[in-house]
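J.: What follows is a single structure, and I will ask about it in a moment.
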Amino acid sequence: MSRQRTTRAGTIRQAVLVVSAATALALTGCASNRAAGQPGESSPAPASTSSAAAPVSSAAASVSSAVAPASSTAAPVGSTAAPVSSATASVSSAQSAPTTTESESTQAPSPQPAKAPIANAVIIDTPGMSYQVSGPLRPGVAAITLVNSDDVTHMMAIGRMKDGVTLKQLTDALDKSEDAAGALLADSPDTAYGTPSLVGAGKSTTVTAMDLPAGHYALICFLQTSDGMPHYKMGMIGELTVTGDKATEMPASDGTITIDDKSVTLPDGFNGSGTFEVVNNGKSPHGFSLARLDQGTALADYAGHVGMAENAGKPVDGGGGVLAGGVDVLGPGQSAFLTVNLQPGHYGYLSPEDMTGPQLPAQSGEFDVH
Ligand SMILES: [Cu+2]
């Protein structure tokens, strides 16, 4: 289960792998966006390259982009203006006029979470740059529903803290360095717990981890506002307590989503509703991220937008789609259950860890929900 790697940071790195989901897209995205001359992209991202190849290095890149002082100031209005300004506004409301909706896909900021498939479950909402945790979880088989009732995209990096470590200490450490933060975490660098991936405005996702250890977990959003401020510095850092008897109730499965080093296979008749076991049958880390795409937007272009924005330290909102959750990176042989109840529309999916070039990885595809 624990995948030892020659990395120097602590578990926070794994938490940050959630970000790498988006960051990895960046590299592809930058290339394809430039090639396509996508309208609205007013300035090329300062491409920090060489990170998509390995989740580790892309995580490192995203850490630095999250932790380092933001070099990019005001985001160009054209790119992701509306959700951005509203994010900023929620912190300093005098700064800009909030504009809440940009596209039809973000016009429904009242997510209706799928019911958790097991009793050992927690709901984590994300109002106003914070994590609102419904209560404690038991260790073992444990379901986390990440609800985004906000109007900008959020993520939930998760790392188990050493005993006695406080969120304040972790926040301070994050300001110093990745290593400093990692030193406060309990697990090895590449521990994948099996938790939700990024969720856009008005969306939610439920992921059931198979063996969540007891402890105190830090929840961190490394996404950034238009002026480069990481959400966690605005208060989006929270805590999840996992305690009590080990839970063993398993979700009832409606099928298996299999990801390996060459492909991803959806179950027959997949229609975007149900509880699916997502299995990494490969030798490398893989994830499964969903995005709802606006009409006429190709997955490659949307993934490019997200990655480009992430890489440049800008909000990922806009770009012709909205992130609809999924399962964060899973190690080889690892699995987690994804419970979805997707609204009608056109969707894309991919394994962000496999975005290593200007094309979508083989582990990607699109489908419709009617
Ligand atoms: Cu956030």
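Going by the structure tokens order, chains are called A, B, ..., each with residues numbered from 1, while ligands are numbered from 1 in the order shown.
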For ligand 1, return the neighbouring residues as a PyMOL selection string (distance at most 8 Å; only C-alpha atoms and all ligand atoms).
T.: chain A and resi 126+129-130+152-156+220-224+230-232+236
J.: Just the strand (DSSP E or B) stuff from segment 109-236 of chain A, please, per backbone DSSP, written as a VMD selection string.
T.: chain A and resid 121 to 125 132 to 133 137 140 to 147 154 157 to 161 185 196 199 204 to 212 215 to 220 224 230
J.: How far is it from atom CA of Leu360 of chain A to atom CA of Tyr302 of chain A, in Å with one decimal?
T.: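 About the pair atom CA of Leu360 of chain A and atom CA of Tyr302 of chain A: they are 10.7 Å apart.
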J.: Show which residues sit within 12 Å of Val242 of chain A, as a ChimeraX atom specification. Count only C-alpha atoms, and ignore same-chain residues fewer than 3 positions away.
T.: /A:120-122,133,135-144,159-161,211-218,239,245-247
J.: Which polymer residues have any atom within 7 Å of an atom of segment 262-275 of chain A, counting only C-alpha atoms, with same-chain residues fewer than 6 positions away left out, as a compact mmCIF listing (two decimals) with C-alpha atoms, in the first residue's frame?
T.:
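Below is the file around.txt, written as the result:
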```txt
# COMPACT_ATOMS: atom_id res chain seq x y z
CA SER A 253 -20.74 -1.73 -6.47
CA ASP A 254 -22.46 -0.94 -9.74
CA GLY A 255 -19.37 -1.80 -11.73
CA THR A 256 -15.65 -1.28 -12.06
CA PHE A 337 -15.18 3.73 -4.77
CA LEU A 338 -16.57 6.69 -6.68
CA THR A 339 -20.23 7.54 -6.21
CA VAL A 340 -21.61 9.81 -8.88
CA ASN A 341 -24.95 11.27 -9.79
CA LEU A 342 -24.10 13.40 -12.78
CA ALA A 362 -4.78 7.15 -23.55
CA GLN A 363 -6.49 7.09 -20.19
CA SER A 364 -9.20 9.54 -21.21
CA VAL A 369 -25.36 11.72 -19.55
```
J.: Residues within 7 Å of segment 315-325 of chain A, please, as a PyMOL selection string. Count only C-alpha atoms; anything in the same chain fewer than 5 positions from it doesn't count.
T.: chain A and resi 80+83-84+105+152-153+196-200+203-205+223-226+289-294+297+302+305-306+309-310
J.: Kindly export the residues of the current selection with C-alpha atoms, as a PDB file, in the first residue's frame.
T.:
```pdb
ATOM      1  CA  THR A  80     -11.188  33.242 -16.206  1.00  0.00           C
ATOM      2  CA  PRO A  83     -15.221  33.150 -11.129  1.00  0.00           C
ATOM      3  CA  VAL A  84     -11.928  34.703 -10.270  1.00  0.00           C
ATOM      4  CA  SER A 105     -22.248  24.871 -16.413  1.00  0.00           C
ATOM      5  CA  VAL A 152     -15.096  28.853  -7.776  1.00  0.00           C
ATOM      6  CA  THR A 153     -13.304  25.534  -8.078  1.00  0.00           C
ATOM      7  CA  PRO A 196     -11.932  13.209  -3.904  1.00  0.00           C
ATOM      8  CA  SER A 197     -10.279  15.163  -6.672  1.00  0.00           C
ATOM      9  CA  LEU A 198     -10.985  18.768  -7.667  1.00  0.00           C
ATOM     10  CA  VAL A 199     -14.591  19.906  -7.716  1.00  0.00           C
ATOM     11  CA  GLY A 200     -15.903  22.916  -9.587  1.00  0.00           C
ATOM     12  CA  LYS A 203     -20.516  20.198  -8.096  1.00  0.00           C
ATOM     13  CA  SER A 204     -19.898  17.457  -5.602  1.00  0.00           C
ATOM     14  CA  THR A 205     -18.203  14.105  -5.533  1.00  0.00           C
ATOM     15  CA  LEU A 223      -5.741  26.564  -5.852  1.00  0.00           C
ATOM     16  CA  GLN A 224      -5.178  30.260  -6.294  1.00  0.00           C
ATOM     17  CA  THR A 225      -7.070  33.456  -6.826  1.00  0.00           C
ATOM     18  CA  SER A 226      -6.467  35.767  -9.733  1.00  0.00           C
ATOM     19  CA  SER A 289     -11.065  13.005 -12.896  1.00  0.00           C
ATOM     20  CA  LEU A 290     -14.360  14.051 -14.394  1.00  0.00           C
ATOM     21  CA  ALA A 291     -15.271  17.300 -16.092  1.00  0.00           C
ATOM     22  CA  ARG A 292     -18.538  18.512 -17.472  1.00  0.00           C
ATOM     23  CA  LEU A 293     -17.916  20.116 -20.837  1.00  0.00           C
ATOM     24  CA  ASP A 294     -19.870  22.940 -22.382  1.00  0.00           C
ATOM     25  CA  THR A 297     -15.663  22.206 -25.937  1.00  0.00           C
ATOM     26  CA  TYR A 302     -10.662  22.120 -21.434  1.00  0.00           C
ATOM     27  CA  HIS A 305      -7.213  25.405 -19.902  1.00  0.00           C
ATOM     28  CA  VAL A 306      -7.237  23.891 -16.440  1.00  0.00           C
ATOM     29  CA  ALA A 309      -4.288  28.105 -15.365  1.00  0.00           C
ATOM     30  CA  GLU A 310      -2.988  25.888 -12.625  1.00  0.00           C
TER      31      GLU A 310
END
```
J.: Could you tell me how far atom CA of Gly326 of chain A sits from atom CA of Ile124 of chain A, in Å to one decimal place?
T.: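 If I compute the distance from atom CA of Ile124 of chain A to atom CA of Gly326 of chain A, I get 14.8 Å.
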J.: Need to verify the contact set: Lys283 of chain A, 10 Å, only C-alpha atoms, exclusion of same-chain residues closer than 5 positions in sequence. Can you return it as a list in words?
T.: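 Contacts, in chain order: Asp260, Asp261, Gly331, Pro332 and Gly333 of chain A.
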J.: Report, in Å to a single decimal, how far apart atom CA of Thr206 of chain A and atom CA of Lys115 of chain A are.
T.: 8.1 Å
